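**Q** Can you keep this structure in mind? I'll have questions shortly.
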Amino acid sequence: MVFSISQEELQKLASVPHEKQKNGIKALGGLKKIAKALRTNVKKGLTTVEATSQERLSVFGSNELPEPPPVSYPSLLWEALTDDTLVILIIAAVVSLVLGIALPPPGEESTSWIEGATILLSVVIISNVASFVNYKQEQSFRALNKTKEGKMVLVRRDGNEVSVWIDAIRVGDVIICKLGDKIPADGIFIATNGADECRLDVSAMTGENLPVKIDKNRPIMLSGTIVATGDAQVLAICTGVNSQWGKMWNDLTQAEVPDTPLQEKLSNLAQLIGYFGLSSGLLVFVVLSIFWIVEQISGTYTVNSCLQLPNFSEAICIQTERPIEQTYSNLAGLVDYFIIAVTVVVVAVPEGLPLAVTISLGFSMSKMQKDNCLVRRLAACETMGGATNICSDKTGTLTENRMTVTEGWVANKRFDRVPLDWELNEQVKRLVLEGICTNSDAVVTSESGSLPINKSGKPRGANKNLTFNGNATECALLVFTMEQGEDYTELRAAGRSRQKRKIPFTSQRKRMSVVLEAEDVDRQSGKFIMHTKGASEVIVERCTHYYNNDGDVVEIDDGTREQLNSNILGMARNGLRTIGIAIRYFDDDSEFLPPPISAAIADGAAVDTSSRDSELEKGLILLALTGINDPIRKEVPDAVEKCKMAGVVVRMVTGDNIETAKHIAGQCGIFDSSSRQVALEGPVFAEKSDQEIISLLPRLTVLARSRPDDKSRLVKLLRTQNQVVGVTGDGTNDAPAMKASNVGLSMGIAGTDVAIAASDIVILDDNFASIVSAIRWGRCIYDNIKKFLQFQLTVNVAAVTIALVGALADKGTPLTAVQLLWINMIMDTLAALALATEPPTDALLQRKPYGLDSPVPITSIMFKNIILQGIWQTIVVLVILFISPSFLPFADMSRDHYTFLFNTFVWLQIWNLINSRKVNDEWNVFSGILDSKLFLMILGVIVVMQIGLVELGGEAVKVQRQTLLEWALAIAIGATSLLVGAVIRPIPSEAIWAEMEKWGWVQSILRKASGGEGDEENGIGDDDGELVIGGKMLSEAAEEEDSDEEEEESDEDVGRRKGKGKMLSEAAEEEDSDEEEEESDEDVGRRKGKGKMLSEA
């Protein structure tokens, strides 16, 4: 056997109940023996050779999960062919074919079978085209879903921590899991990575609601669970399909994807139109059947015989009455009428509506990914188009997240360049750098894999060749260490070999600490040394002494404290994030170790050591204050301006200091200090009532020092005001706010697994400009569906009306079944491909959002176009049907007559397809058409196929070849659709809509189509989708605020920042120490001239 332990043994171990896990590991010889059997090491992990070994892969498998079985083309074709109306049509066509072959009418023995066969062929072609489109979309969705699973994971190989793709994890790997990470494989808990404990959220796997403690008594960590507290080192024992998550995978992937809201609404609309089509088809059949019965009773029927003689431009046509022979072949006429009726139903039922949404979503999703937006939930594509508010983080989203220490204070001296241009005391330097390196989990590497250490201490310029893994602020501090000519990896390794305890960062504490055994040189001060790093104002308040540049410990007096606070405030106002670094010595480990674990805690209860830890982190000795610059992304100001043009309010929600937040928001164009805009701090926000906050919403653009609860509350209050809210987040505690929003936008680079799982769209580059791109694509989807809907309903109105009028006027069937099926394919599948794939333009961002609850995307402008274009097309075709034989060279009701009618009707649709590219009364319908390559290609296909049908269709399509004059007339008459479109644009759409509102059934139909009650208030007929607060637009409400109220609010905010005795820096617990640095400068502005902290708890 290659390995001395089998996959079956490992799977059995992973599946044992938690109370038997300890004994299960013991039965296999213990953790170290299991690791040895897997040819790995719990400290160093796998070697590179072992990790890439084919033996290991063949025995234990990879960490890839099988893709769900693809939807096959035959199954999609079968689904299309089993549509109820098509089944009826197929049956009728088969009956027609059988009767045409077995009992042909006299004189039609050689041709009577053609119509039935042609209808069957048309059904096959239509079904295949629709199935092919669906199949391609299915393939696109599968490719996108595969992209969603890609993720980098930190593992230890050859003793080094490296990042690998999740599917590259192998049994025997030592995985490093941090707070918020999803466990990528079943494994055995080795130890924490410095945290006091590790707790897992196992609700996804076991249904347990409370996080469970992982230790030697319960050491199995299942894939799919999430680190809720602390961190962990895990020995992977089961991967891929062999893991517990892998066993559940098939059930998870076989669940049907629900329709999006727009798909549901359009399905409802299609159903209602289908009822109209069914009624029309039934009426057509009844009327034609009456004429057929009359003919049977009268005993004669009319035959039109036409003869084209040489040298004559017009055909000679004679109508003769022939006696009816009472045979079964007479039933063929009745069957033909039934086929026509069913075809009218097929045409009237807009089954292309859901298809258009699917095509548009699939097309948009693939394009959005190229714009760095990975869609995890289809409905989010639609919803982003209606977004009215974006609540954005600051770090990494509005800023570059490429942080650099640019200035600061160390050993009672200011510096404004790095590396320092003056000599720093060696003891102070060693303590500062040791604190930075050991009190951090971040990793900085270069492209070559080695660290670019500059031993000369000279500046190395921008760190373009460095790769940051972990918190960006911590990475900036590590680079600062490297700028001083030190290798942080050596300092970290030396420090961690002496590590005794680690107290992780929380946003309530805004600091983190690590306790080490002191080096010999520091033993005179204490046996143990605690390095503490965090929000500068919090660190300064907890300090009683500082190191000067002579290496002496000096007490902090009032003057020094005021000077320190002034330094922090100055850096914050320049938009810098400030971090404080301090130490404390201990003589005995009982002073810093947590209390003994009680029996209750051993059972899994949470350990609350916060008050004890808070006491530990007092009486500190200040070493340094650092100012870290994080420049805003160059694309952000322009993107924010585009949002404003689009009617989208951008709000910055950050844990940062209010001065820093306002500075950055001002640079981005979010906050204007000269206007009446408001910036609030989390504690002030929390104290206000809901009504007070709602009154401030039109002017509130910055929420600083915010806790996750504040973020969630803001989102919920916005939604109560009918706002469509998008929320960005990267941390575990951002998940509630993202879930409360309409669209959650997680960060693909900085986001934790929990944040990504809670989101609807992943911003792959963490860039705010990509969020604007998502808004544009969302609006594009909605507009494209509106274009298709406008085109299809116009064809529906005209085609069904013509069939009805032709039947009622005893004109037979002007459009045959095959011709109607061709028209149906134009207005369903081909139009969906052409119109639903139009690319977005910047013009989409120059109008207000369309709103949240628009019942169906039918605006008053669309309604005007559908009605007036439908009326025009109906008039044109009826004139051709009833009057044209008197002035055109063909006989009434002849095949030439009906071919010209069919050709003209199709050309009306071809030109109206161009008209339908614009749904907001834009004058230039050709604008951007050259950018729509697929539209032009589909348009060309329709034209070529129409020419082929008319010229080559013959008996199969019931057409006659047309002369050049007839072609020119048909194309010219069809082009009047463009002229009519230009004429009706100036007509006020509201007037037509108001007239329609008098017909109660119109509103009733739209309400029913939306799946709700609906009225004017929820968007019916509203072209620009204005959203209201208290009956007014949010922006209008802002203008109507009394300026005195603004001053009152501002005074209140100032008062809260000037010595209220309340801590304005409280924030809910977060796992990501990025919040620490965001909040590090946040209380600076509360100490103006006071000489003491005004943010005391």
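By convention in this document, the chains of the structure tokens carry letters A, B, ... by their order, each chain's residues are numbered from 1, and ligands are numbered from 1 in the order they are shown.
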Leaving out region 771-776 of chain A and any residue of its chain fewer than 4 positions from it, which residues lie within 8 Å of it when counting only C-alpha atoms, given as a PyMOL selection string?

**A** chain A and resi 368+371+373+381+384-387+639+642-643+763+767+780+840-842+844-845

**Q** Those residues you just picked out, can you put them in a file as a tab-separated table (two decimals), in the first residue's frame with all heavy atoms?

**A**
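Written output follows (again20.tsv):
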chain	number	residue	atom	x	y	z
A	368	MET	N	-20.26	41.28	-17.92
A	368	MET	CA	-20.00	41.88	-16.61
A	368	MET	C	-18.74	41.29	-15.99
A	368	MET	O	-17.99	41.98	-15.29
A	368	MET	CB	-21.20	41.68	-15.69
A	368	MET	CG	-22.37	42.59	-16.00
A	368	MET	SD	-23.83	42.23	-15.00
A	368	MET	CE	-23.34	42.88	-13.41
A	371	ASP	N	-15.91	43.04	-16.99
A	371	ASP	CA	-15.84	44.33	-16.29
A	371	ASP	C	-15.64	44.14	-14.79
A	371	ASP	O	-15.96	45.03	-14.00
A	371	ASP	CB	-17.13	45.13	-16.54
A	371	ASP	CG	-17.19	45.70	-17.94
A	371	ASP	OD1	-16.15	45.68	-18.62
A	371	ASP	OD2	-18.27	46.16	-18.36
A	373	CYS	N	-17.13	42.14	-12.61
A	373	CYS	CA	-18.31	41.90	-11.77
A	373	CYS	C	-18.76	40.46	-11.99
A	373	CYS	O	-19.30	40.12	-13.05
A	373	CYS	CB	-19.46	42.85	-12.15
A	373	CYS	SG	-19.09	44.58	-11.90
A	381	CYS	N	-28.54	41.10	-11.35
A	381	CYS	CA	-28.28	41.85	-12.59
A	381	CYS	C	-29.40	42.86	-12.82
A	381	CYS	O	-29.15	44.03	-13.14
A	381	CYS	CB	-28.21	40.89	-13.78
A	381	CYS	SG	-26.85	39.75	-13.76
A	384	MET	N	-29.60	45.74	-9.89
A	384	MET	CA	-28.60	46.80	-9.93
A	384	MET	C	-29.01	47.92	-10.86
A	384	MET	O	-28.63	49.08	-10.65
A	384	MET	CB	-27.25	46.23	-10.36
A	384	MET	CG	-26.43	45.62	-9.23
A	384	MET	SD	-26.15	46.74	-7.85
A	384	MET	CE	-25.03	47.93	-8.57
A	385	GLY	N	-29.77	47.60	-11.88
A	385	GLY	CA	-30.22	48.64	-12.80
A	385	GLY	C	-31.16	49.63	-12.16
A	385	GLY	O	-31.28	50.77	-12.61
A	386	GLY	N	-31.84	49.20	-11.08
A	386	GLY	CA	-32.77	50.09	-10.39
A	386	GLY	C	-32.19	50.69	-9.13
A	386	GLY	O	-32.91	51.34	-8.36
A	387	ALA	N	-30.89	50.50	-8.89
A	387	ALA	CA	-30.27	50.98	-7.65
A	387	ALA	C	-30.38	52.49	-7.55
A	387	ALA	O	-30.13	53.23	-8.51
A	387	ALA	CB	-28.81	50.56	-7.59
A	639	ALA	N	-16.36	58.02	-11.55
A	639	ALA	CA	-17.42	57.04	-11.33
A	639	ALA	C	-18.50	57.60	-10.41
A	639	ALA	O	-19.70	57.39	-10.63
A	639	ALA	CB	-16.83	55.76	-10.74
A	642	LYS	N	-20.64	59.96	-12.34
A	642	LYS	CA	-21.58	59.22	-13.19
A	642	LYS	C	-22.78	58.73	-12.37
A	642	LYS	O	-23.92	58.74	-12.86
A	642	LYS	CB	-20.89	58.03	-13.86
A	642	LYS	CG	-19.96	58.44	-14.99
A	642	LYS	CD	-19.31	57.22	-15.64
A	642	LYS	CE	-18.42	57.64	-16.80
A	642	LYS	NZ	-17.75	56.47	-17.43
A	643	CYS	N	-22.51	58.31	-11.13
A	643	CYS	CA	-23.61	57.88	-10.26
A	643	CYS	C	-24.57	59.03	-10.00
A	643	CYS	O	-25.79	58.86	-10.01
A	643	CYS	CB	-23.06	57.34	-8.94
A	643	CYS	SG	-22.37	55.69	-9.05
A	763	ILE	N	-17.22	41.90	-6.67
A	763	ILE	CA	-16.41	42.87	-7.40
A	763	ILE	C	-14.98	42.35	-7.41
A	763	ILE	O	-14.27	42.41	-6.41
A	763	ILE	CB	-16.48	44.27	-6.73
A	763	ILE	CG1	-17.95	44.70	-6.59
A	763	ILE	CG2	-15.70	45.28	-7.54
A	763	ILE	CD1	-18.73	44.76	-7.87
A	767	ASN	N	-12.96	47.49	-6.93
A	767	ASN	CA	-12.93	48.87	-7.42
A	767	ASN	C	-14.34	49.44	-7.55
A	767	ASN	O	-15.23	48.80	-8.12
A	767	ASN	CB	-12.24	48.91	-8.80
A	767	ASN	CG	-11.87	50.32	-9.22
A	767	ASN	OD1	-12.45	51.30	-8.76
A	767	ASN	ND2	-10.89	50.41	-10.09
A	780	CYS	N	-29.03	48.19	-18.72
A	780	CYS	CA	-29.02	47.69	-20.09
A	780	CYS	C	-29.94	46.48	-20.22
A	780	CYS	O	-30.69	46.37	-21.20
A	780	CYS	CB	-27.59	47.33	-20.48
A	780	CYS	SG	-27.43	46.67	-22.15
A	840	PRO	N	-24.42	48.13	-23.50
A	840	PRO	CA	-24.82	49.35	-22.80
A	840	PRO	C	-24.08	50.57	-23.33
A	840	PRO	O	-23.02	50.46	-23.93
A	840	PRO	CB	-24.41	49.06	-21.35
A	840	PRO	CG	-23.27	48.11	-21.46
A	840	PRO	CD	-23.54	47.28	-22.68
A	841	THR	N	-24.66	51.73	-23.09
A	841	THR	CA	-24.02	53.00	-23.45
A	841	THR	C	-24.04	53.91	-22.23
A	841	THR	O	-24.79	53.69	-21.28
A	841	THR	CB	-24.77	53.68	-24.61
A	841	THR	OG1	-26.10	54.02	-24.17
A	841	THR	CG2	-24.87	52.75	-25.82
A	842	ASP	N	-23.24	54.96	-22.26
A	842	ASP	CA	-23.20	55.91	-21.15
A	842	ASP	C	-24.51	56.66	-21.02
A	842	ASP	O	-24.79	57.25	-19.97
A	842	ASP	CB	-22.04	56.89	-21.33
A	842	ASP	CG	-20.70	56.26	-20.99
A	842	ASP	OD1	-20.70	55.25	-20.23
A	842	ASP	OD2	-19.66	56.75	-21.45
A	844	LEU	N	-27.28	55.43	-20.66
A	844	LEU	CA	-28.08	54.75	-19.64
A	844	LEU	C	-27.89	55.39	-18.27
A	844	LEU	O	-28.76	55.29	-17.40
A	844	LEU	CB	-27.68	53.28	-19.57
A	844	LEU	CG	-28.03	52.41	-20.77
A	844	LEU	CD1	-27.32	51.07	-20.69
A	844	LEU	CD2	-29.53	52.20	-20.86
A	845	LEU	N	-26.74	56.05	-18.06
A	845	LEU	CA	-26.43	56.66	-16.77
A	845	LEU	C	-26.84	58.13	-16.73
A	845	LEU	O	-26.48	58.85	-15.80
A	845	LEU	CB	-24.94	56.54	-16.46
A	845	LEU	CG	-24.41	55.11	-16.32
A	845	LEU	CD1	-22.90	55.11	-16.11
A	845	LEU	CD2	-25.09	54.38	-15.16

**Q** Excluding region 834-838 of chain A and any residue of its chain fewer than 6 positions from it, enumerate the residues within 6 Å of it, using only C-alpha atoms, and give them as a PyMOL selection string.

**A** chain A and resi 356+360+784+788+932+935+938

**Q** Could you tell me how far CA of Ala665 (chain A) lies from CA of Thr395 (chain A), in Å and to one decimal?

**A**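 For CA of Ala665 (chain A) relative to CA of Thr395 (chain A), the distance reads 11.4 Å.
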
**Q** With DSSP run on the backbone, what are the alpha helix (DSSP H) residues within region 784-929 of chain A? I'd like them as a ChimeraX atom specification.

**A** /A:784-808,817-825,831-835,860-882,895-915

**Q** One decimal, Å: what's the distance from CA of Gly627 (chain A) over to CA of Ser446 (chain A), could you say?

**A**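 Computing it gives 23.8 Å between the two atoms.
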
**Q** Which residues, written as a PyMOL selection string, have at least one atom at most 8 Å from Asn160 (chain A), with only C-alpha atoms counted and residues fewer than 3 positions away on the same chain left out?

**A** chain A and resi 44+156-157

**Q** Write the residues of the selection above to a file with N, CA and C atoms, as a PDB file, in the first residue's frame.

**A**
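part_13.pdb was written with the following content:
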ATOM      1  N   LYS A  44       5.520  21.601   9.240  1.00  0.00           N
ATOM      2  CA  LYS A  44       6.035  22.080   7.957  1.00  0.00           C
ATOM      3  C   LYS A  44       5.090  21.826   6.786  1.00  0.00           C
ATOM      4  N   ARG A 156       0.632  25.508   4.277  1.00  0.00           N
ATOM      5  CA  ARG A 156       2.050  25.473   4.634  1.00  0.00           C
ATOM      6  C   ARG A 156       2.706  24.325   3.880  1.00  0.00           C
ATOM      7  N   ARG A 157       3.681  24.664   3.041  1.00  0.00           N
ATOM      8  CA  ARG A 157       4.426  23.662   2.285  1.00  0.00           C
ATOM      9  C   ARG A 157       5.924  23.965   2.395  1.00  0.00           C
TER      10      ARG A 157
END

**Q** Looking at A:Lys370, A:His545, A:Lys848, A:Lys786, which one is nearest to Val649 (chain A), with distances taken over only C-alpha atoms?

**A**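 Closest to Val649 (chain A), using only C-alpha atoms: A:Lys848.
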
**Q** Could you give me, as an MDAnalysis selection string, each residue of region 610-830 of chain A that DSSP assigns to strand (DSSP E or B) when run on this structure's backbone?

**A** chainID A and resid 620:629 632 649:653 678:681 700:704 725:729 743:747 761:763

**Q** Emit the selected residues as a compact mmCIF listing (two decimals), in the first residue's frame, including N, CA, C and O atoms.

**A**
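New file part_3.txt:
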# COMPACT_ATOMS: atom_id res chain seq x y z
N LEU A 620 0.49 51.32 29.12
CA LEU A 620 1.41 51.00 28.03
C LEU A 620 2.50 52.04 27.89
O LEU A 620 2.37 53.20 28.34
N ILE A 621 3.57 51.62 27.20
CA ILE A 621 4.68 52.52 26.87
C ILE A 621 4.63 52.77 25.36
O ILE A 621 4.76 51.83 24.57
N LEU A 622 4.39 54.01 24.97
CA LEU A 622 4.24 54.35 23.55
C LEU A 622 5.58 54.33 22.83
O LEU A 622 6.56 54.91 23.30
N LEU A 623 5.61 53.63 21.69
CA LEU A 623 6.81 53.56 20.87
C LEU A 623 6.70 54.47 19.65
O LEU A 623 7.63 55.20 19.33
N ALA A 624 5.54 54.39 18.92
CA ALA A 624 5.46 55.11 17.65
C ALA A 624 4.01 55.36 17.26
O ALA A 624 3.09 54.64 17.68
N LEU A 625 3.82 56.38 16.44
CA LEU A 625 2.57 56.65 15.73
C LEU A 625 2.92 56.71 14.25
O LEU A 625 3.89 57.38 13.86
N THR A 626 2.17 55.99 13.42
CA THR A 626 2.46 56.00 11.98
C THR A 626 1.28 56.53 11.20
O THR A 626 0.12 56.20 11.50
N GLY A 627 1.56 57.36 10.20
CA GLY A 627 0.53 57.86 9.29
C GLY A 627 0.63 57.13 7.97
O GLY A 627 1.68 57.16 7.30
N ILE A 628 -0.46 56.45 7.59
CA ILE A 628 -0.43 55.58 6.40
C ILE A 628 -1.31 56.18 5.31
O ILE A 628 -2.50 56.46 5.53
N ASN A 629 -0.72 56.37 4.16
CA ASN A 629 -1.45 56.96 3.03
C ASN A 629 -2.04 55.85 2.16
O ASN A 629 -1.37 54.88 1.82
N ILE A 632 -6.77 57.55 -3.20
CA ILE A 632 -8.02 57.14 -3.83
C ILE A 632 -7.72 56.62 -5.24
O ILE A 632 -6.74 57.02 -5.87
N VAL A 649 -27.42 57.87 -5.32
CA VAL A 649 -26.74 58.53 -4.21
C VAL A 649 -25.65 57.61 -3.67
O VAL A 649 -25.92 56.46 -3.32
N VAL A 650 -24.42 58.12 -3.61
CA VAL A 650 -23.29 57.34 -3.08
C VAL A 650 -23.02 57.80 -1.64
O VAL A 650 -22.88 59.00 -1.39
N ARG A 651 -22.98 56.86 -0.72
CA ARG A 651 -22.70 57.16 0.68
C ARG A 651 -21.48 56.35 1.11
O ARG A 651 -21.40 55.15 0.82
N MET A 652 -20.57 57.00 1.81
CA MET A 652 -19.42 56.28 2.37
C MET A 652 -19.76 55.81 3.77
O MET A 652 -20.14 56.62 4.63
N VAL A 653 -19.65 54.51 4.00
CA VAL A 653 -19.90 53.93 5.33
C VAL A 653 -18.60 53.26 5.75
O VAL A 653 -18.20 52.26 5.17
N VAL A 678 -24.26 66.09 5.24
CA VAL A 678 -24.04 65.74 6.64
C VAL A 678 -23.13 64.53 6.73
O VAL A 678 -23.27 63.56 5.97
N ALA A 679 -22.19 64.58 7.68
CA ALA A 679 -21.36 63.43 8.03
C ALA A 679 -21.63 63.11 9.50
O ALA A 679 -21.51 63.98 10.36
N LEU A 680 -22.04 61.88 9.76
CA LEU A 680 -22.34 61.45 11.12
C LEU A 680 -21.36 60.38 11.58
O LEU A 680 -20.79 59.66 10.76
N GLU A 681 -21.21 60.28 12.89
CA GLU A 681 -20.43 59.20 13.48
C GLU A 681 -21.37 58.13 14.01
O GLU A 681 -22.51 58.43 14.40
N LEU A 700 -27.36 62.90 4.22
CA LEU A 700 -26.35 62.07 4.88
C LEU A 700 -25.53 61.32 3.83
O LEU A 700 -26.03 60.42 3.16
N THR A 701 -24.26 61.69 3.70
CA THR A 701 -23.41 61.03 2.69
C THR A 701 -22.20 60.33 3.30
O THR A 701 -21.55 59.55 2.61
N VAL A 702 -21.89 60.61 4.57
CA VAL A 702 -20.76 59.95 5.22
C VAL A 702 -21.19 59.45 6.59
O VAL A 702 -21.73 60.22 7.39
N LEU A 703 -20.99 58.17 6.83
CA LEU A 703 -21.22 57.59 8.16
C LEU A 703 -19.88 57.01 8.61
O LEU A 703 -19.44 55.98 8.12
N ALA A 704 -19.23 57.72 9.53
CA ALA A 704 -17.90 57.32 9.99
C ALA A 704 -18.00 56.58 11.32
O ALA A 704 -19.03 56.63 11.99
N VAL A 725 -31.09 49.58 -2.66
CA VAL A 725 -29.80 49.81 -2.02
C VAL A 725 -28.80 48.71 -2.38
O VAL A 725 -29.09 47.52 -2.24
N GLY A 726 -27.62 49.14 -2.81
CA GLY A 726 -26.49 48.24 -2.99
C GLY A 726 -25.49 48.51 -1.89
O GLY A 726 -25.21 49.67 -1.57
N VAL A 727 -24.96 47.46 -1.28
CA VAL A 727 -24.04 47.59 -0.16
C VAL A 727 -22.77 46.81 -0.44
O VAL A 727 -22.83 45.64 -0.82
N THR A 728 -21.63 47.46 -0.24
CA THR A 728 -20.35 46.76 -0.38
C THR A 728 -19.90 46.24 0.98
O THR A 728 -20.25 46.80 2.01
N GLY A 729 -19.14 45.17 0.96
CA GLY A 729 -18.63 44.61 2.20
C GLY A 729 -17.50 43.64 1.93
O GLY A 729 -17.46 43.00 0.88
N VAL A 743 -29.00 44.48 -3.11
CA VAL A 743 -27.88 43.82 -3.78
C VAL A 743 -26.65 43.92 -2.88
O VAL A 743 -26.23 45.03 -2.53
N GLY A 744 -26.09 42.77 -2.51
CA GLY A 744 -24.85 42.74 -1.74
C GLY A 744 -23.67 42.63 -2.68
O GLY A 744 -23.66 41.78 -3.57
N LEU A 745 -22.68 43.51 -2.50
CA LEU A 745 -21.51 43.55 -3.37
C LEU A 745 -20.28 43.26 -2.53
O LEU A 745 -19.83 44.10 -1.76
N SER A 746 -19.74 42.05 -2.66
CA SER A 746 -18.56 41.68 -1.87
C SER A 746 -17.30 41.96 -2.66
O SER A 746 -17.32 42.08 -3.89
N MET A 747 -16.21 42.06 -1.93
CA MET A 747 -14.92 42.36 -2.54
C MET A 747 -14.18 41.05 -2.85
O MET A 747 -13.97 40.22 -1.96
N ILE A 761 -23.21 39.90 -5.96
CA ILE A 761 -22.22 40.18 -7.00
C ILE A 761 -20.86 40.32 -6.32
O ILE A 761 -20.75 40.96 -5.28
N VAL A 762 -19.85 39.71 -6.91
CA VAL A 762 -18.48 39.83 -6.39
C VAL A 762 -17.73 40.82 -7.28
O VAL A 762 -17.64 40.63 -8.50
N ILE A 763 -17.22 41.90 -6.67
CA ILE A 763 -16.41 42.87 -7.40
C ILE A 763 -14.98 42.35 -7.41
O ILE A 763 -14.27 42.41 -6.41

**Q** With only C-alpha atoms as the counted atoms, please give the residues lying no more than 8 Å from region 860-874 of chain A, apart from itself and same-chain residues fewer than 6 positions off, as a VMD selection string.

**A** chain A and resid 786 790 to 791 793 to 795 797 to 799 801 to 802 905 908 919 to 921 977 980 to 981 984 989 to 990 992 to 993 1021 to 1023

**Q** Restricting it to C-alpha atoms, dump the selection as an mmCIF file, in the first residue's frame.

**A**
data_model
loop_
_atom_site.group_PDB
_atom_site.id
_atom_site.type_symbol
_atom_site.label_atom_id
_atom_site.label_comp_id
_atom_site.auth_asym_id
_atom_site.auth_seq_id
_atom_site.Cartn_x
_atom_site.Cartn_y
_atom_site.Cartn_z
ATOM 1 C CA LYS A 786 -38.261 46.708 -22.954
ATOM 2 C CA GLN A 790 -42.172 46.696 -27.521
ATOM 3 C CA PHE A 791 -41.333 44.886 -30.756
ATOM 4 C CA LEU A 793 -46.351 43.180 -28.685
ATOM 5 C CA THR A 794 -46.552 45.340 -31.805
ATOM 6 C CA VAL A 795 -46.330 42.217 -33.998
ATOM 7 C CA VAL A 797 -51.418 43.234 -32.123
ATOM 8 C CA ALA A 798 -51.064 43.430 -35.901
ATOM 9 C CA ALA A 799 -50.824 39.689 -36.732
ATOM 10 C CA THR A 801 -55.930 41.506 -35.808
ATOM 11 C CA ILE A 802 -55.185 40.667 -39.447
ATOM 12 C CA PHE A 905 -46.014 42.619 -43.312
ATOM 13 C CA LEU A 908 -42.895 46.255 -41.603
ATOM 14 C CA VAL A 919 -37.709 52.942 -26.031
ATOM 15 C CA ASN A 920 -37.368 56.444 -24.561
ATOM 16 C CA ASP A 921 -38.439 58.589 -27.540
ATOM 17 C CA SER A 977 -42.571 52.037 -39.847
ATOM 18 C CA VAL A 980 -44.407 56.560 -38.349
ATOM 19 C CA GLY A 981 -41.960 56.134 -35.466
ATOM 20 C CA ILE A 984 -45.381 59.598 -33.105
ATOM 21 C CA SER A 989 -47.216 59.556 -24.228
ATOM 22 C CA GLU A 990 -48.901 60.672 -21.021
ATOM 23 C CA ILE A 992 -52.413 58.264 -24.468
ATOM 24 C CA TRP A 993 -51.713 56.652 -21.124
ATOM 25 C CA GLY A 1021 -46.629 53.802 -16.420
ATOM 26 C CA ASP A 1022 -43.812 55.661 -14.693
ATOM 27 C CA ASP A 1023 -41.104 56.242 -17.269
#

**Q** Mind dumping a table of every region 663-751 of chain A residue within 12 Å of region 466-470 of chain A, with the nearest atom pair and its distance in Å to one decimal, using only C-alpha atoms, sorted by chain and rising number, as CSV?

**A**
residue,atom,partner,partner_atom,distance
A:Ile749,CA,A:Asn469,CA,9.5
A:Ala750,CA,A:Gly470,CA,7.9
A:Gly751,CA,A:Gly470,CA,10.5

**Q** Deliver the residues from the most recent selection as a file, using N, CA, C and O atoms, as a compact mmCIF listing (two decimals), in the first residue's frame.

**A**
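The new file selection.txt reads:
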# COMPACT_ATOMS: atom_id res chain seq x y z
N ILE A 749 -11.07 40.54 -3.70
CA ILE A 749 -9.70 40.45 -3.22
C ILE A 749 -9.66 40.42 -1.70
O ILE A 749 -9.09 39.53 -1.08
N ALA A 750 -10.29 41.42 -1.07
CA ALA A 750 -10.23 41.55 0.39
C ALA A 750 -11.36 40.82 1.10
O ALA A 750 -11.34 40.68 2.32
N GLY A 751 -12.36 40.34 0.37
CA GLY A 751 -13.54 39.76 1.00
C GLY A 751 -13.30 38.40 1.62
O GLY A 751 -12.59 37.57 1.07

**Q** With distances taken over only C-alpha atoms, which of A:Asp589, A:Asp215, A:Glu295, A:Glu400 is nearest to Ile190 (chain A)?

**A**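 Of A:Asp589, A:Asp215, A:Glu295, A:Glu400, the one nearest Ile190 (chain A), counting only C-alpha atoms, is A:Asp215.
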
**Q** Give the answer as one residue: which of A:Ala757, A:Phe60, A:Ile273, A:Ser279 has the shortest atom-to-atom distance to Ala236 (chain A), using only C-alpha atoms?

**A**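 Closest residue, counting only C-alpha atoms: A:Phe60.
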
**Q** Report as a PyMOL selection string all protein, DNA and RNA residues lying within 8 Å of region 896-901 of chain A, evaluated on only C-alpha atoms, omitting residues in the same chain fewer than 2 positions from it.

**A** chain A and resi 814-815+877+880-881+885+890-894+903-905+950+958-962+966+970

**Q** My list of candidates is A:Pro74, A:Pro986, A:Gly180, A:Gly159. Which is closest to Phe132 (chain A) when distances are computed with only C-alpha atoms?

**A**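 For Phe132 (chain A), the nearest of the candidates is A:Pro74.
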
**Q** Mind giving me the straight-line distance from CA of Ile658 (chain A) to CA of Arg705 (chain A) in Å, one decimal?

**A**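 Going from CA of Ile658 (chain A) over to CA of Arg705 (chain A), I get 6.8 Å.
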